[in-house]
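Novice: After the structure tokens below, expect a handful of questions from me.
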Amino acid sequence: MNFQFVLRGCAALALFTLGFFGPAQAAPANMTITGDAAPPIGHYEFCKENPRECAFAGGDAGPIILTQDSWKTILKINYTVNTTIKPMTDMELYGVEEKWAIPTTAGDCEDFALLKRKELIDAGFSPSDLLMTVVLQPNGDGHAVLTVRTDRGDFVLDNMRDKVKLWSETEYTFLKRQSVEHPARWVKIQDGRAVAVGSLK
């Protein structure tokens with residue numbers, strides 16, 4: 001096991017124990033949803049190619065109860081995917097501008113998020129709590145992350161950092177994410193500007 005990961009994991013676990021079970025967070029812990037949104041075209045095509053990944057799974061199971069064990073699982077999967085998958089663009093991998101896929105060796109931001117979602121589902125998490133999410137970076141570039149919905153707030157798993165943060169603690173502007181009711185549907189997030197992000201019309 002990587003020693004640096006153990007240190008990071010222990011530090012994060014200490015914050016979990018001291019912070020999440022202490023006073024309530026001042027910042028909003030959960031995203032505000034304002035209505036339906038068009039899915040990113042890449043996710044729409046991914047669902048057509050991988051219907052089982054986007055099939056109805058029973059609707060909203062309610063946010064996961066965040067325990068020390070589930071928190072450790074989230075941290076481990078985020079770190080493992082971030083350090084084993086090589087960052088590469090869709091153009092480098094497939095010769096196209098946009099393709100969503102579950103990676104085996106390399107991928108871009110949405111591919112990292114799709115793999116984390118799959119591994120967390122395999123670990124027993126409900127699909128309704130693992131939501132692909134489209135955001136804007138501070139420089140205006142589009143980006144994709146995985147949101148994990150918990151009773152302690154909405155946490156972001158990001159391929160650009162190993163630390164798992166509440167969504168409200170990130171520098172991103174949140175645009176839309178998968179619906180908790182159905183993984184093939186998307187909803188708008190009340191958090192800033194609209195942007196052109198390859199969506200179905």
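By order of appearance in the structure tokens: chains A, B, ..., then residues from 1 within every chain, and ligands from 1 in the order shown.
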Could you give me, as a Markdown table, every region 10-104 of chain A residue with an atom at most 8 Å from region 126-150 of chain A, plus its closest atom pair and distance in Å to one decimal, counting only C-alpha atoms, rows ordered by chain then number?

Specialist:
```
| residue | atom | partner | partner_atom | distance |
| --- | --- | --- | --- | --- |
| A:Asn30 | CA | A:Arg149 | CA | 8.0 |
| A:Ala57 | CA | A:Pro127 | CA | 7.1 |
| A:Gly59 | CA | A:Ser128 | CA | 6.7 |
| A:Asp60 | CA | A:Ser128 | CA | 5.5 |
| A:Ala61 | CA | A:Ser128 | CA | 6.3 |
| A:Gly62 | CA | A:Asp129 | CA | 7.6 |
| A:Pro63 | CA | A:Thr150 | CA | 4.5 |
| A:Ile64 | CA | A:Thr150 | CA | 4.6 |
| A:Ile65 | CA | A:Thr150 | CA | 5.9 |
| A:Leu66 | CA | A:Thr150 | CA | 6.0 |
```

Novice: Keeping only C-alpha atoms, write those residues as a compact mmCIF listing (two decimals), in the first residue's frame.

Specialist:
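Result went into result-v8.txt, see below:
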```txt
# COMPACT_ATOMS: atom_id res chain seq x y z
CA ASN A 30 -26.45 19.69 -0.84
CA ALA A 57 -32.42 0.88 -10.79
CA GLY A 59 -35.46 5.21 -8.23
CA ASP A 60 -34.23 7.36 -5.35
CA ALA A 61 -33.01 5.20 -2.48
CA GLY A 62 -32.27 8.29 -0.37
CA PRO A 63 -28.78 9.61 0.39
CA ILE A 64 -26.26 7.11 1.68
CA ILE A 65 -25.63 7.20 5.43
CA LEU A 66 -21.98 8.22 5.59
```

Novice: Can you list, as a list in words, every protein, DNA or RNA residue that comes within 10 Å of Asp90 (chain A) when you count only C-alpha atoms, leaving out same-chain residues fewer than 3 positions away?

Specialist: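 Contacts, with the query itself left out: Pro87, Leu93, Tyr94, Gly95, Val96, Glu97, Glu98, Lys99, Trp100, Ala101, Ala106, Gly107, Asp108, Cys109 and Asp111 of chain A.
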
Novice: Now that the selection is made, can you save its residues with N, CA and C atoms as a PDB file, in the first residue's frame?

Specialist:
```pdb
ATOM      1  N   PRO A  87      -4.294   9.954 -17.732  1.00  0.00           N
ATOM      2  CA  PRO A  87      -5.089  10.992 -18.393  1.00  0.00           C
ATOM      3  C   PRO A  87      -4.745  11.117 -19.879  1.00  0.00           C
ATOM      4  N   LEU A  93      -7.351   9.054 -27.731  1.00  0.00           N
ATOM      5  CA  LEU A  93      -7.756   7.663 -27.553  1.00  0.00           C
ATOM      6  C   LEU A  93      -8.601   7.133 -28.708  1.00  0.00           C
ATOM      7  N   TYR A  94      -9.559   7.960 -29.163  1.00  0.00           N
ATOM      8  CA  TYR A  94     -10.559   7.463 -30.115  1.00  0.00           C
ATOM      9  C   TYR A  94     -10.600   8.231 -31.430  1.00  0.00           C
ATOM     10  N   GLY A  95      -9.881   9.344 -31.491  1.00  0.00           N
ATOM     11  CA  GLY A  95      -9.901  10.148 -32.704  1.00  0.00           C
ATOM     12  C   GLY A  95     -11.163  10.976 -32.865  1.00  0.00           C
ATOM     13  N   VAL A  96     -11.908  11.201 -31.744  1.00  0.00           N
ATOM     14  CA  VAL A  96     -13.118  12.030 -31.770  1.00  0.00           C
ATOM     15  C   VAL A  96     -13.053  13.028 -30.627  1.00  0.00           C
ATOM     16  N   GLU A  97     -13.851  14.091 -30.736  1.00  0.00           N
ATOM     17  CA  GLU A  97     -13.824  15.139 -29.717  1.00  0.00           C
ATOM     18  C   GLU A  97     -14.450  14.690 -28.404  1.00  0.00           C
ATOM     19  N   GLU A  98     -15.485  13.859 -28.465  1.00  0.00           N
ATOM     20  CA  GLU A  98     -16.235  13.513 -27.255  1.00  0.00           C
ATOM     21  C   GLU A  98     -16.697  12.069 -27.298  1.00  0.00           C
ATOM     22  N   LYS A  99     -16.217  11.270 -26.350  1.00  0.00           N
ATOM     23  CA  LYS A  99     -16.687   9.892 -26.197  1.00  0.00           C
ATOM     24  C   LYS A  99     -16.575   9.509 -24.722  1.00  0.00           C
ATOM     25  N   TRP A 100     -17.705   9.087 -24.135  1.00  0.00           N
ATOM     26  CA  TRP A 100     -17.713   8.653 -22.751  1.00  0.00           C
ATOM     27  C   TRP A 100     -17.547   7.137 -22.723  1.00  0.00           C
ATOM     28  N   ALA A 101     -16.637   6.659 -21.884  1.00  0.00           N
ATOM     29  CA  ALA A 101     -16.379   5.223 -21.795  1.00  0.00           C
ATOM     30  C   ALA A 101     -15.791   4.892 -20.426  1.00  0.00           C
ATOM     31  N   ALA A 106      -6.639   4.205 -19.687  1.00  0.00           N
ATOM     32  CA  ALA A 106      -6.519   5.641 -19.935  1.00  0.00           C
ATOM     33  C   ALA A 106      -7.895   6.233 -20.225  1.00  0.00           C
ATOM     34  N   GLY A 107      -8.033   7.535 -19.962  1.00  0.00           N
ATOM     35  CA  GLY A 107      -9.297   8.207 -20.236  1.00  0.00           C
ATOM     36  C   GLY A 107      -9.228   9.668 -19.846  1.00  0.00           C
ATOM     37  N   ASP A 108     -10.330  10.395 -20.127  1.00  0.00           N
ATOM     38  CA  ASP A 108     -10.393  11.790 -19.708  1.00  0.00           C
ATOM     39  C   ASP A 108     -11.357  11.915 -18.522  1.00  0.00           C
ATOM     40  N   CYS A 109     -11.736  13.140 -18.173  1.00  0.00           N
ATOM     41  CA  CYS A 109     -12.407  13.385 -16.896  1.00  0.00           C
ATOM     42  C   CYS A 109     -13.681  12.571 -16.703  1.00  0.00           C
ATOM     43  N   ASP A 111     -14.461   9.783 -18.071  1.00  0.00           N
ATOM     44  CA  ASP A 111     -14.127   8.361 -17.996  1.00  0.00           C
ATOM     45  C   ASP A 111     -13.687   7.985 -16.579  1.00  0.00           C
TER      46      ASP A 111
END
```

Novice: Please return as a ChimeraX atom specification: the residues of chain A that backbone DSSP assigns to strand (DSSP E).

Specialist: /A:33-37,86-87,106-107,130-136,142-150,153-157,165-166,173-178,186-189

Novice: Quick one, how far is CA of Lys116 (chain A) from CA of Val156 (chain A)?

Specialist: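 Between CA of Lys116 (chain A) and CA of Val156 (chain A) the gap is 11.1 Å.
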
Novice: Against region 185-190 of chain A, which residues of region 16-129 of chain A fall within 6 Å? For each one I want the closest pair of atoms and the distance in Å (one decimal), counting only C-alpha atoms, rows by chain and increasing residue number, as JSON lines.

Specialist:
```
{"residue": "A:Thr32", "atom": "CA", "partner": "A:Gln190", "partner_atom": "CA", "distance": 5.5}
{"residue": "A:Ile33", "atom": "CA", "partner": "A:Ile189", "partner_atom": "CA", "distance": 4.7}
{"residue": "A:Thr34", "atom": "CA", "partner": "A:Lys188", "partner_atom": "CA", "distance": 5.5}
{"residue": "A:Gly35", "atom": "CA", "partner": "A:Lys188", "partner_atom": "CA", "distance": 5.5}
{"residue": "A:Asp36", "atom": "CA", "partner": "A:Val187", "partner_atom": "CA", "distance": 4.2}
{"residue": "A:Ala37", "atom": "CA", "partner": "A:Val187", "partner_atom": "CA", "distance": 4.6}
{"residue": "A:Pro39", "atom": "CA", "partner": "A:Trp186", "partner_atom": "CA", "distance": 5.5}
```

Novice: Output C-alpha atoms of each residue in that selection to a file, as a PDB file, in the first residue's frame.

Specialist:
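Printed below is selection_35.pdb as written:
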```pdb
ATOM      1  CA  THR A  32     -30.232  22.708  -5.284  1.00  0.00           C
ATOM      2  CA  ILE A  33     -31.978  21.115  -8.274  1.00  0.00           C
ATOM      3  CA  THR A  34     -34.176  23.351 -10.432  1.00  0.00           C
ATOM      4  CA  GLY A  35     -35.630  21.073 -13.104  1.00  0.00           C
ATOM      5  CA  ASP A  36     -34.874  18.737 -15.983  1.00  0.00           C
ATOM      6  CA  ALA A  37     -31.824  19.159 -18.230  1.00  0.00           C
ATOM      7  CA  PRO A  39     -28.047  14.975 -21.026  1.00  0.00           C
TER       8      PRO A  39
END
```

Novice: Which value, in Å to one decimal, gives the distance between CA of Val81 (chain A) and CA of Leu115 (chain A)?

Specialist: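 Spanning CA of Val81 (chain A) to CA of Leu115 (chain A) is a straight-line distance of 7.4 Å.
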
Novice: Which one of A:Gly42, A:Thr80, A:Cys54, A:Arg117 sits closest to Pro183 (chain A) if you count only C-alpha atoms?

Specialist: A:Cys54

Novice: Here is a test: counting only C-alpha atoms, which residue of A:Asp162, A:Asp154, A:Glu92, A:Glu49 is nearest to Arg177 (chain A)?

Specialist: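 Closest residue, counting only C-alpha atoms: A:Asp154.
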
Novice: What are the DSSP helix (DSSP H, G or I) residues of region 1-162 of chain A, as a count of residues only?

Specialist: 70

Novice: Between A:Ala29, A:Met88, A:Leu120, A:Leu114, single out the one closest to Lys76 (chain A), counting only C-alpha atoms.

Specialist: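 Smallest separation from Lys76 (chain A) among the options: A:Leu120.
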